[in-house]
Structure formats: structure tokens, C-alpha cells
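Quick look at entry-v9.txt (compact mmCIF, C-alpha atoms):
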```
# COMPACT_ATOMS: atom_id res chain seq x y z
CA MET A 69 101.02 87.61 102.51
CA LEU A 70 103.78 87.33 99.93
CA VAL A 71 107.46 88.15 100.27
CA LYS A 72 107.31 90.77 97.51
CA ASP A 73 104.82 92.84 99.50
CA TYR A 74 106.87 92.92 102.70
CA MET A 75 110.51 92.75 101.60
CA LEU A 76 112.89 95.68 101.61
CA GLN A 77 112.99 96.84 98.01
CA HIS A 78 116.17 98.28 96.52
CA PRO A 79 118.41 97.27 99.44
CA ILE A 80 121.87 98.77 99.78
CA MET A 81 124.31 96.56 97.87
CA ILE A 82 128.03 96.41 97.19
CA GLU A 83 130.28 95.10 94.43
CA PRO A 84 132.83 92.34 95.08
CA HIS A 85 135.89 94.42 94.18
CA LYS A 86 135.14 97.09 96.80
CA ARG A 87 137.39 97.39 99.84
CA LEU A 88 136.21 95.78 103.03
CA ALA A 89 136.41 99.17 104.73
CA GLU A 90 133.67 100.40 102.37
CA ALA A 91 131.45 97.48 103.33
CA ARG A 92 132.02 98.20 107.02
CA ALA A 93 131.09 101.86 106.49
CA LEU A 94 127.85 100.91 104.72
CA LEU A 95 126.83 98.55 107.51
CA VAL A 96 127.59 101.04 110.27
CA GLU A 97 126.26 104.22 108.65
CA ASN A 98 123.00 102.62 107.54
CA GLU A 99 122.57 100.44 110.65
CA ILE A 100 122.07 97.28 108.61
CA TYR A 101 123.22 93.71 109.14
CA TYR A 102 122.88 92.19 105.67
CA LEU A 103 124.70 93.61 102.67
CA PRO A 104 124.12 91.76 99.36
CA VAL A 105 127.13 91.51 97.07
CA VAL A 106 126.21 91.88 93.40
CA GLY A 107 127.85 91.78 90.00
CA ASP A 108 126.70 93.20 86.68
CA GLY A 109 122.94 93.70 86.45
CA LYS A 110 122.51 93.12 90.21
CA ARG A 111 123.43 89.43 89.84
CA PHE A 112 123.63 87.91 93.31
CA LEU A 113 127.16 86.85 94.25
CA GLY A 114 127.07 86.68 98.03
CA MET A 115 126.42 88.45 101.32
CA ILE A 116 128.42 90.48 103.80
CA THR A 117 127.45 90.48 107.48
CA PRO A 118 129.33 92.00 110.45
CA PRO A 119 130.94 88.68 111.50
CA ARG A 120 132.55 88.47 108.06
CA LEU A 121 134.46 91.66 108.85
CA ALA A 122 136.32 90.13 111.76
CA ILE A 123 139.93 89.12 111.20
CA PRO A 124 140.78 85.63 112.51
CA PRO A 125 142.92 85.95 115.68
CA GLU A 126 145.45 83.45 114.34
CA ARG A 127 145.95 85.67 111.29
CA MET A 128 146.44 88.77 113.44
CA ALA A 129 149.01 87.02 115.63
CA SER A 130 151.25 86.30 112.66
CA LEU A 131 151.44 89.93 111.46
CA ASP A 132 153.14 93.03 112.78
CA VAL A 133 151.34 96.39 112.88
CA TRP A 134 152.47 97.44 109.39
CA GLU A 135 151.50 94.13 107.88
CA ILE A 136 148.10 94.35 109.53
CA SER A 137 147.57 97.82 108.05
CA ASN A 138 148.55 96.61 104.59
CA TYR A 139 146.43 93.47 104.93
CA LEU A 140 143.32 95.48 105.82
CA ALA A 141 143.93 98.06 103.10
CA ASN A 142 143.99 95.40 100.40
CA LEU A 143 141.20 93.18 101.67
CA THR A 144 138.22 93.15 99.27
CA VAL A 145 134.61 92.11 99.71
CA GLU A 146 134.90 89.04 97.49
CA LYS A 147 137.61 87.58 99.73
CA VAL A 148 135.43 87.47 102.84
CA MET A 149 131.82 87.38 101.64
CA LEU A 150 129.51 84.43 102.11
CA LYS A 151 129.26 82.90 98.65
CA ALA A 152 125.89 82.78 96.89
CA ARG A 153 126.18 79.03 96.36
CA ASP A 154 126.25 78.56 100.14
CA LEU A 155 123.29 80.81 100.91
CA PRO A 156 119.54 80.13 100.86
CA THR A 157 117.49 82.59 98.82
CA ILE A 158 113.81 83.06 98.15
CA GLY A 159 111.57 84.26 95.35
CA PRO A 160 109.21 87.26 95.48
CA ASN A 161 106.06 85.12 95.19
CA ALA A 162 106.90 82.92 98.17
CA THR A 163 104.76 83.33 101.28
CA LEU A 164 105.96 84.81 104.55
CA GLU A 165 105.48 81.37 106.10
CA GLN A 166 107.92 79.91 103.58
CA ALA A 167 110.43 82.66 104.34
CA SER A 168 110.07 82.05 108.06
CA HIS A 169 110.48 78.29 107.64
CA LEU A 170 113.60 78.74 105.51
CA MET A 171 115.18 81.14 108.00
CA THR A 172 114.42 78.80 110.89
CA LYS A 173 115.67 75.72 109.04
CA THR A 174 118.95 77.30 107.95
CA LYS A 175 119.40 79.52 111.04
CA ILE A 176 119.93 82.53 108.78
CA GLY A 177 118.06 85.72 109.60
CA GLY A 178 118.17 87.41 106.20
CA LEU A 179 117.35 86.20 102.69
CA ALA A 180 118.08 87.79 99.35
CA VAL A 181 114.92 87.90 97.24
CA LEU A 182 115.79 86.87 93.71
CA ASP A 183 114.23 86.78 90.27
CA GLY A 184 116.47 84.19 88.69
CA GLN A 185 119.88 85.46 89.82
CA ILE A 186 118.87 89.12 90.06
CA VAL A 187 118.43 90.76 93.47
CA LEU A 188 114.97 92.29 93.86
CA GLY A 189 115.03 92.86 97.59
CA LEU A 190 115.88 91.58 101.04
CA ILE A 191 113.70 90.06 103.74
CA THR A 192 114.89 89.57 107.31
CA ASP A 193 113.63 88.14 110.56
CA ASN A 194 112.96 91.72 111.65
CA HIS A 195 110.48 92.15 108.78
CA LEU A 196 108.69 89.02 109.93
CA LEU A 197 108.50 90.23 113.54
CA VAL A 198 107.02 93.56 112.45
CA GLU A 199 104.38 91.78 110.38
CA LEU A 200 103.62 89.43 113.28
CA ASN A 201 102.86 92.56 115.32
CA ASN A 202 100.62 93.79 112.52
CA LEU A 203 98.91 90.41 112.17
CA LEU A 204 98.02 90.43 115.86
CA GLY A 205 96.93 94.06 115.76
CA ALA A 206 99.65 95.05 118.19
CA PHE A 207 99.70 98.65 116.98
CA GLU A 208 96.01 99.22 117.79
CA PRO A 209 94.48 99.96 121.20
CA GLY A 210 92.03 97.37 122.47
CA TRP A 211 91.81 94.06 124.32
CA ARG A 212 94.22 91.26 123.46
CA VAL A 213 92.55 87.99 124.39
CA THR A 214 93.82 84.42 124.28
CA VAL A 215 91.14 81.72 124.38
CA ARG A 216 91.83 77.98 124.39
CA ILE A 217 89.36 75.95 122.37
CA LYS A 218 89.07 72.22 121.76
CA GLY A 219 89.27 72.55 118.01
CA LYS A 220 85.93 70.88 117.43
CA ARG A 221 83.89 71.85 114.42
CA GLY A 222 82.22 75.20 114.99
CA ASP A 223 84.23 76.17 118.11
CA LEU A 224 86.07 79.04 116.40
CA LEU A 225 82.85 80.28 114.79
CA ARG A 226 81.09 80.34 118.18
CA LEU A 227 83.92 82.44 119.61
CA ILE A 228 83.81 84.89 116.72
CA ARG A 229 80.02 85.22 116.95
CA ALA A 230 80.24 85.80 120.70
CA VAL A 231 82.14 88.97 119.84
CA THR A 232 80.57 90.17 116.59
CA ASP A 233 76.94 89.48 117.56
CA ARG A 234 77.39 91.99 120.37
CA GLY A 235 78.51 94.66 117.92
CA TRP A 236 82.17 94.58 118.92
CA THR A 237 84.97 94.60 116.35
CA ILE A 238 87.69 92.01 115.85
CA MET A 239 90.75 93.95 114.69
CA ALA A 240 92.96 90.86 114.35
CA LEU A 241 92.75 87.11 114.76
CA GLY A 242 95.24 84.28 114.79
CA ASN A 243 95.29 80.72 116.06
CA VAL A 244 97.91 78.06 116.69
CA ARG A 245 97.98 74.54 118.12
CA THR A 246 98.49 74.56 121.86
CA PRO A 247 102.05 73.55 122.88
CA LYS A 248 102.03 69.95 124.19
CA LYS A 249 98.26 69.68 123.51
CA PRO A 250 97.91 69.22 119.74
CA ASP A 251 94.16 68.64 119.96
CA ASP A 252 93.61 72.10 121.45
CA TRP A 253 94.05 75.50 119.82
CA ASP A 254 94.97 78.88 121.30
CA VAL A 255 93.11 81.69 119.57
CA VAL A 256 94.37 85.26 119.88
CA LEU A 257 91.87 88.06 119.28
CA LYS A 258 92.26 91.82 119.29
CA VAL A 259 88.83 93.19 120.23
CA VAL A 260 87.63 96.79 120.43
CA GLY A 261 84.31 98.37 121.38
CA CYS A 262 83.72 96.73 124.75
CA THR A 263 84.84 96.77 128.36
CA ARG A 264 87.02 94.13 129.92
CA GLU A 265 84.14 92.85 132.03
CA GLU A 266 81.83 92.54 129.02
CA LEU A 267 84.39 90.55 127.08
CA VAL A 268 85.21 88.23 129.98
CA ASP A 269 81.50 87.57 130.54
CA ALA A 270 80.87 86.80 126.86
CA ILE A 271 83.69 84.23 126.74
CA ALA A 272 82.62 82.66 130.04
CA GLN A 273 79.29 81.74 128.42
CA LEU A 274 81.01 79.53 125.83
CA ASP A 275 81.12 75.90 126.96
CA GLY A 276 84.52 74.24 126.62
CA GLN A 277 86.36 77.48 125.86
CA VAL A 278 88.85 78.78 128.41
CA LEU A 279 90.03 82.37 128.75
CA ARG A 280 93.81 82.07 129.11
CA ASP A 281 94.79 85.74 129.06
CA ILE A 282 93.30 89.18 128.61
CA ARG A 283 95.17 92.47 128.62
CA GLU A 284 94.69 96.00 127.38
CA THR A 285 97.02 97.23 124.66
CA ALA A 286 97.78 100.87 123.96
CA SER A 287 98.34 102.39 120.56
CA TYR A 288 101.97 103.03 119.66
CA ALA A 289 103.86 104.11 116.60
CA TYR A 290 104.59 101.69 113.80
CA VAL A 291 108.30 101.03 113.51
CA LYS A 292 109.67 100.09 110.10
CA PRO A 293 112.10 97.14 110.03
```
Could you write out this structure as C-alpha cells?
Amino acid sequence: MLVKDYMLQHPIMIEPHKRLAEARALLVENEIYYLPVVGDGKRFLGMITPPRLAIPPERMASLDVWEISNYLANLTVEKVMLKARDLPTIGPNATLEQASHLMTKTKIGGLAVLDGQIVLGLITDNHLLVELNNLLGAFEPGWRVTVRIKGKRGDLLRLIRAVTDRGWTIMALGNVRTPKKPDDWDVVLKVVGCTREELVDAIAQLDGQVLRDIRETASYAYVKP
């Protein structure tokens, strides 16, 4: 799962000499939060986000209404944008895990995807959440099951075989270390082709594996980020 396959290609961009009012209009009309600022050849110069559009209260207090109007009319993107040198970016061949780690580390929810200094796309925390839904099969009807295993050799295989040997289908699978119990793992399965009772009974026959949660999920429409 690489950034280039999940990023927003050809994002809306703006040039640094444009008026701030134009940037505001682009954000509002297109319902976006991140607006890359580019120079010639789509060279990445910075980013505009809604908080950058706010005028500092101390600045407002020192101006009268006519001065405020003039100030806003002459304010350009380059004067308020987040500078490229201060922003993390990512390459198209990075993994989604790397993008997620970078966003978490820097507490920034949107990354420009660059080839050198050229903007190829944009990937945001919303893209990652959509793909997490896809990874867990959230858009498919079936049974979402969480099973806690000890992480011993063969435990995951036994769980998978308990499902597939009965002719049921695993639509999605993911596992993560159990919070506060690093020796255990929580495995999430999306299973179709069986009843709730059949699935519960199959898992109950696995020694050392604990059914933590089971719930039915309905199919719903995919929502693009």
C-alpha cells in the first residue's frame, strides 16, 4: 500500500501572488482543508490551511474599518502561507504506514506528495481513515470478529483455518499488539458465509484464543476522502 496509489492526484493548488480572498474561496467552495502553494512547474512553496486565514486579534485592534478593508484587499498567499521549509512532505513510493507515522509525529494531518520539489498529489489523515475502513472490510456486510491470541507460533494460522476449513470467507484481516499486553495480539477478521452461532462455536474450540467482540456489519456506500 503505497502513497501514490491512495493520494489525491492533481490537487487544487494556488500561486503565492494570489489574493488571500481567492485562497479562502477555493477552500470553502471545494470543501478542502489543505491548499498547496506552488510556483513555476508546480514547485512546492508552502501550504494554506483555514487557520492561516485568520487575522491576529492584536492586528485587528490597531486598525480602523477602512484600514482593515485595505489590509485584507492587499494580503497575498505568500504572506500567510506555511513555508515549505517548515513542512514535512513525503514521496510517492512511501508506504501508508510511513505517511501515518509522519503525520502522527509532526501532528500535521496533510502531506504534500513530492517528486523532488514538484507536487504530485496530497495525502491526508482522511485518506488513511478511508483505507483503514477498506483494510478492515468495513464496507462489506458480514461478521466483524476480534479474537485475542497469545502470539505463539501457529496461533494465527489455527484461527484462519478454523474459518476457511469450514468453507467460510475471510474478507479482511488485521492484527495488532494488545494494548498493555505486548505478548498478546488482537486479530480482527471480517467473515462471511456463516451464522453468528457457527462462528462463535468455531472460535470457542480454539484453545488459548479468546473471542473479544463479534458484531454484524451492514453494507454501506464507499465515501471518497
Pick from A:Leu190, A:Ala286, A:Leu267, A:Ala152 nearest to Val213 (chain A), counting all atoms listed in the file: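 For Val213 (chain A), the nearest of the given residues is A:Leu267.
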Between A:Thr157, A:Thr144, A:Gln166, A:Thr237, which has the minimum distance to Met69 (chain A) (counting only C-alpha atoms)?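 Comparing A:Thr157, A:Thr144, A:Gln166, A:Thr237 against Met69 (chain A), the winner is A:Gln166.
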Please compute the CA of Leu155 (chain A)-CA of Asn142 (chain A) distance, one decimal, in Å.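 CA of Leu155 (chain A) sits 25.3 Å away from CA of Asn142 (chain A).
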Selection near Val181 (chain A), 9 Å with only C-alpha atoms, sequence-local residues under 5 positions removed, as a ChimeraX atom specification: /A:71-72,75,157-160,186-191
Counting all atoms listed in the file, which residue out of A:Glu284, A:Glu83, A:Asp233, A:Asp183 sits closest to Arg264 (chain A)? A:Glu284
Nearest to Leu224 (chain A), chosen from A:Val268, A:Gln277, A:Leu197, A:Glu208, with only C-alpha atoms counted in the distances: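 The closest residue to Leu224 (chain A) is A:Gln277.
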Record the distance separating CA of Leu241 (chain A) and CA of Ala180 (chain A), expressed in Å with one decimal.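 Computing the Euclidean distance for CA of Leu241 (chain A) and CA of Ala180 (chain A) yields 29.7 Å.
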List the residues sitting within 12 Å of (116.4, 81.9, 111.9) in the file's frame, using all atoms listed in the file, as a PyMOL selection string. chain A and resi 156+167-179+191-194+196-197
Select, from A:Val244, A:Ala122, A:Val106, A:Leu143, the residue with the minimum atom-to-atom distance to Glu90 (chain A), counting all atoms listed in the file.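 When distances to Glu90 (chain A) are compared using all atoms listed in the file, the smallest one comes from A:Leu143.
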Compare A:Gly235, A:Pro209, A:Gly261, A:Gly219 by their minimum atom-to-atom distance to Gly276 (chain A), counting only C-alpha atoms, and give me the closest one.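 Between A:Gly235, A:Pro209, A:Gly261, A:Gly219, the residue approaching Gly276 (chain A) most closely is A:Gly219.
Excluding Val256 (chain A) itself and same-chain residues fewer than 2 positions from it, the residues having an atom within 10 Å of it are Leu204, Arg212, Val213, Thr214, Val215, Arg216, Ala240, Leu241, Gly242, Asn243, Val244, Trp253, Asp254, Lys258, Val259, Arg280, Asp281 and Ile282 of chain A, counting all atoms listed in the file.
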Can you tell me which residues surround Glu99 (chain A) at a distance of at most 12 Å, considering only C-alpha atoms, apart from same-chain residues fewer than 4 positions away, and format the answer as a VMD selection string? chain A and resid 80 91 to 95 103 117 to 118 293
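Reported to one decimal place, the separation of CA of Leu76 (chain A) from CA of Ala89 (chain A) is 24.0 Å.
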